[in-house]
Structure formats: C-alpha cells, structure tokens
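Asks: One structure follows; several queries about it will come next.
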There are 2 protein chains.
Amino acid sequence: MDSCTTRVVDADRVAAVRERMPLAEDLADTADVFGLLSDPNRLRLLVALLDGELCVCDLAAVTGQSESAASHALRLLRAHRIVAARRAGRMAYYRLEDPHVRMLLDLALAHTEHTEALHPERDGNA
Amino acid sequence: MDSCTTRVVDADRVAAVRERMPLAEDLADTADVFGLLSDPNRLRLLVALLDGELCVCDLAAVTGQSESAASHALRLLRAHRIVAARRAGRMAYYRLEDPHVRMLLDLALAHTEHTEALHPERDGNA
DNA sequence: TGTACATATGAATACCTCTTCACATAACCA
DNA sequence: TGGTTATGTGAAGAGGTATTCATATGTACA
C-alpha cells in the first residue's frame, strides 16, 4: 500500500509502530482539536467557560478581544461542537460542550501552574 | 490595569473569571504546546516515539514524510524540549522527553479511538 | 585520504489563520 | 414604526507555518 521510499534501520520497530499508528482520519481530527486549542484567545474563551456559560460581550471583555473577534472564534469552536450557544432574546450564552476538551484544558492548565516552579522568575495568578 | 472598553452584562462573573484567568505568559506557553500537537505529521512523530526512541530515517518512514521534513519537525519539537536526541555515530535517535505531552497524547488518542461518531466541519450556521 | 551516508539547515514558496472593518440580522423598546 | 442593542458574517490584509530543494555538517569506512 503505502510503501516508504526511504531507508529503514530497524524494520521490526518500524513495522510495529506502523501497526499501532492510528488512522490518518483520527490523527487529523486530533490535530484539529489541538489546533483549536493553539490560540491564546480561544484558550481564554474556553477557560472563561470552564465555570459556566457567558454571553458574547462578557466573553469579549474577559478575554480582552473585540466582540467581532470573539464571535468569529466562538463560531469556529461551535462548528467543531466544542462550545454550544443558548439564545436568550438578543443575547447568546455560550457554554463549554465537549467534556474531552475540558479534560485537556484541565490537564494543560494544571501542568502550566505546576511547572511554574521551573520558571521561578514569576509567581502565581494576579 | 487592562480596562475593558466593551460593555459587561454580568460584572461579578466577569470579575471572578478574570481572577481565575491564568497569566498571559502561561496561556501563551499552553497554546504553543497545543500548536505543536496540531500538525498531523508532528503528531505521527510523537505517536511513533511513545514506545521508545527511533532514528530520523525510521521516523520519516513511519510517518510517511521526507527525511528533511521530519528533521525540520524534530528540530521544532526539540527546541521546545518535547523530544530529545541521542547521537550514535552519524545516526540521531530521538525520544519523547516531555511526560506532560505524553499524557496529552494518551488522553487525546484514547478519546478519538472511542468516539468515531464525532466529525466537525458541520457548521451550525444559525 | 576520499567517498558515501545520516542528519541538519537556509531559503523560497504556497498555504493557512487571525484580526479588523463594514455591514447584516434580529430582538427589544420608545 | 423606527431606533438601539447584541450578535453574526464576509472580505481583505498581515502575519505565520509547512513543505521542498539545495546544500552544509559531520561520521564511517574503504
């Protein structure tokens, strides 16, 4: 099928790893999720939503971006089912919908807080 | 400090979330890590290294990319202390060095394998 | 010593992403 | 009804990123 044109040193290990390699489709989906978490402003939006729903203008205020930028980011997150919106009149309340992303966020943030010991030039939160 | 020029609906919630918001520096670091995991080829490299070290040409073969591309990707991962290299003659054996990234990978891959039903690109398009 | 080999790297290109601006949509209120 | 407010969206520009090609570096081996 997909023959590799390059040399191989440890053919057995290569074959074994290839066997365990997830499907390209699954890897692409996983990479997409990580990509959605790779922007500081989107990260701020999701962190803000960890405690519960917020409307767009509050999310914009908390994350320090324009409401248009926040709306664009929320649209992207919504398209990937990571957040969901509840309409109440002319307001839109967003919530974190994906429990898996919540786990990734918790793990990642716990790590950065935990490894602040490795960056002793700065102390904890504001 | 950083005053928000936009309206706010729930001022208390906004203040509380702001209090809990991690430092911009930490958020940027976290976003960087996620960004490094947001490319399918880099993801393949890291998955291949979950079981142990491999040389560059084997990594290129396993991940289906050119050795130059693999080397570029490994250089990036190495610069962020996610992988480390061991030289043996003219070969370079890379290993996964960051236990936190290993956890993120395990968590993410376990999730994608268990949820085949979830697929994005379907715009909610309100 | 010279040649072949494994890896590293710089530059160039094509692609993608984020932000902003302008405007659209839709709900609320006088 | 018209005006104001909250959010949504398209287009465009700036900036970032990934891949490739060519070449450099350094090791091994004849």
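FYI, nothing fancy with the structure tokens labels: chains A, B, ... in order, residues from 1 per chain, ligands from 1 as they appear.
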Using only C-alpha atoms (C1' of nucleotides), determine which residues lie at most 6 Å from segment 49-55 of chain B, disregarding the query and same-chain residues fewer than 2 positions distant; provide the list as a list in words.
Replies: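 Surrounding residues, per the criterion: Leu46, Val47, Cys57, Asp58, Ala92, Tyr93, Tyr94, Arg95 and Leu96 of chain B.
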Asks: For DG16 of chain D, please output as a PyMOL selection string all residues within 12 Å (counting only C-alpha atoms (C1' of nucleotides); exclusion window: fewer than 4 positions along the same chain).
Replies: (chain B and resi 35) or (chain C and resi 15-18)
Asks: Include C-alpha atoms (C1' of nucleotides) and write out the residues we just selected as an mmCIF file, in the first residue's frame.
Replies:
```
data_model
loop_
_atom_site.group_PDB
_atom_site.id
_atom_site.type_symbol
_atom_site.label_atom_id
_atom_site.label_comp_id
_atom_site.auth_asym_id
_atom_site.auth_seq_id
_atom_site.Cartn_x
_atom_site.Cartn_y
_atom_site.Cartn_z
ATOM 1 C CA GLY B 35 0.119 24.247 18.481
ATOM 2 C "C1'" DC C 15 -0.901 27.701 2.067
ATOM 3 C "C1'" DC C 16 -3.441 28.759 6.109
ATOM 4 C "C1'" DT C 17 -5.056 31.706 10.091
ATOM 5 C "C1'" DC C 18 -6.166 35.667 12.750
#
```
Asks: What is the distance, in Å and to one decimal place, between atom CA of Gly89 of chain A and atom CA of Arg20 of chain B?
Replies: 28.7 Å
Asks: If we count only C-alpha atoms (C1' of nucleotides), which residues of chain C reach to within 10 Å of chain A? Please list them as a list in words.
Replies: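 Residues of chain C within 10 Å of chain A, counting only C-alpha atoms (C1' of nucleotides): DC18, DT19, DT20, DC21, DA26, DA27 and DC28 of chain C.
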Asks: RMSD over all C-alpha atoms, chain B superposed on chain A in order?
Replies: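 RMSD over all C-alpha atoms: 5.6 Å.
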Asks: From a DSSP pass on the backbone, collect the residues of chain A flagged as strand (DSSP E or B) and hand them back as a list in words.
Replies: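 Answer for chain A restricted to strand (DSSP E or B) is Leu54, Cys55, Val83, Ala84, Ala85, Arg86, Arg87, Ala88, Met91, Ala92, Tyr93, Tyr94, Arg95 and Leu96 of chain A.
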Asks: Which chain A residues have any atom within 7 Å of an atom of chain B, and for each, what is the nearest pair of atoms with distance in Å to one decimal, counting only C-alpha atoms, rows sorted by chain and number, as JSON lines?
Replies:
```
{"residue": "A:Cys4", "atom": "CA", "partner": "B:Ala61", "partner_atom": "CA", "distance": 5.6}
{"residue": "A:Thr6", "atom": "CA", "partner": "B:Ala61", "partner_atom": "CA", "distance": 6.1}
{"residue": "A:Arg7", "atom": "CA", "partner": "B:Cys57", "partner_atom": "CA", "distance": 6.4}
{"residue": "A:Val8", "atom": "CA", "partner": "B:Asp58", "partner_atom": "CA", "distance": 5.3}
{"residue": "A:Val9", "atom": "CA", "partner": "B:Asp58", "partner_atom": "CA", "distance": 6.3}
{"residue": "A:Val14", "atom": "CA", "partner": "B:Val62", "partner_atom": "CA", "distance": 6.0}
{"residue": "A:Val17", "atom": "CA", "partner": "B:Ala48", "partner_atom": "CA", "distance": 5.9}
{"residue": "A:Arg18", "atom": "CA", "partner": "B:Val62", "partner_atom": "CA", "distance": 6.0}
{"residue": "A:Asp26", "atom": "CA", "partner": "B:Thr112", "partner_atom": "CA", "distance": 6.1}
{"residue": "A:Leu27", "atom": "CA", "partner": "B:Pro40", "partner_atom": "CA", "distance": 5.9}
{"residue": "A:Ala28", "atom": "CA", "partner": "B:Pro40", "partner_atom": "CA", "distance": 5.7}
{"residue": "A:Thr30", "atom": "CA", "partner": "B:Ala108", "partner_atom": "CA", "distance": 6.6}
{"residue": "A:Ala31", "atom": "CA", "partner": "B:Ser38", "partner_atom": "CA", "distance": 4.2}
{"residue": "A:Asp32", "atom": "CA", "partner": "B:Ser38", "partner_atom": "CA", "distance": 6.1}
{"residue": "A:Phe34", "atom": "CA", "partner": "B:Ser38", "partner_atom": "CA", "distance": 4.8}
{"residue": "A:Gly35", "atom": "CA", "partner": "B:Ser38", "partner_atom": "CA", "distance": 4.5}
{"residue": "A:Leu37", "atom": "CA", "partner": "B:Phe34", "partner_atom": "CA", "distance": 5.9}
{"residue": "A:Ser38", "atom": "CA", "partner": "B:Ala31", "partner_atom": "CA", "distance": 4.1}
{"residue": "A:Asp39", "atom": "CA", "partner": "B:Ala31", "partner_atom": "CA", "distance": 5.5}
{"residue": "A:Pro40", "atom": "CA", "partner": "B:Ala31", "partner_atom": "CA", "distance": 5.7}
{"residue": "A:Ala48", "atom": "CA", "partner": "B:Val17", "partner_atom": "CA", "distance": 5.9}
{"residue": "A:Cys57", "atom": "CA", "partner": "B:Val8", "partner_atom": "CA", "distance": 6.2}
{"residue": "A:Asp58", "atom": "CA", "partner": "B:Val8", "partner_atom": "CA", "distance": 5.3}
{"residue": "A:Ala61", "atom": "CA", "partner": "B:Cys4", "partner_atom": "CA", "distance": 5.7}
{"residue": "A:Val62", "atom": "CA", "partner": "B:Val14", "partner_atom": "CA", "distance": 6.0}
{"residue": "A:Gly64", "atom": "CA", "partner": "B:Cys4", "partner_atom": "CA", "distance": 6.7}
{"residue": "A:Arg78", "atom": "CA", "partner": "B:Gly124", "partner_atom": "CA", "distance": 6.9}
{"residue": "A:Ala79", "atom": "CA", "partner": "B:Asp123", "partner_atom": "CA", "distance": 4.6}
{"residue": "A:His80", "atom": "CA", "partner": "B:Pro120", "partner_atom": "CA", "distance": 4.8}
{"residue": "A:Leu104", "atom": "CA", "partner": "B:Leu104", "partner_atom": "CA", "distance": 6.9}
{"residue": "A:Ala108", "atom": "CA", "partner": "B:Thr30", "partner_atom": "CA", "distance": 6.6}
{"residue": "A:Thr112", "atom": "CA", "partner": "B:Asp26", "partner_atom": "CA", "distance": 6.2}
{"residue": "A:Asn125", "atom": "CA", "partner": "B:Pro22", "partner_atom": "CA", "distance": 6.1}
{"residue": "A:Ala126", "atom": "CA", "partner": "B:Glu19", "partner_atom": "CA", "distance": 6.8}
```
Asks: Between atom C1' of DA8 of chain C and atom C1' of DA24 of chain D, measure the distance and give it in Å to one decimal.
Replies: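 Atom C1' of DA8 of chain C sits 7.8 Å away from atom C1' of DA24 of chain D.
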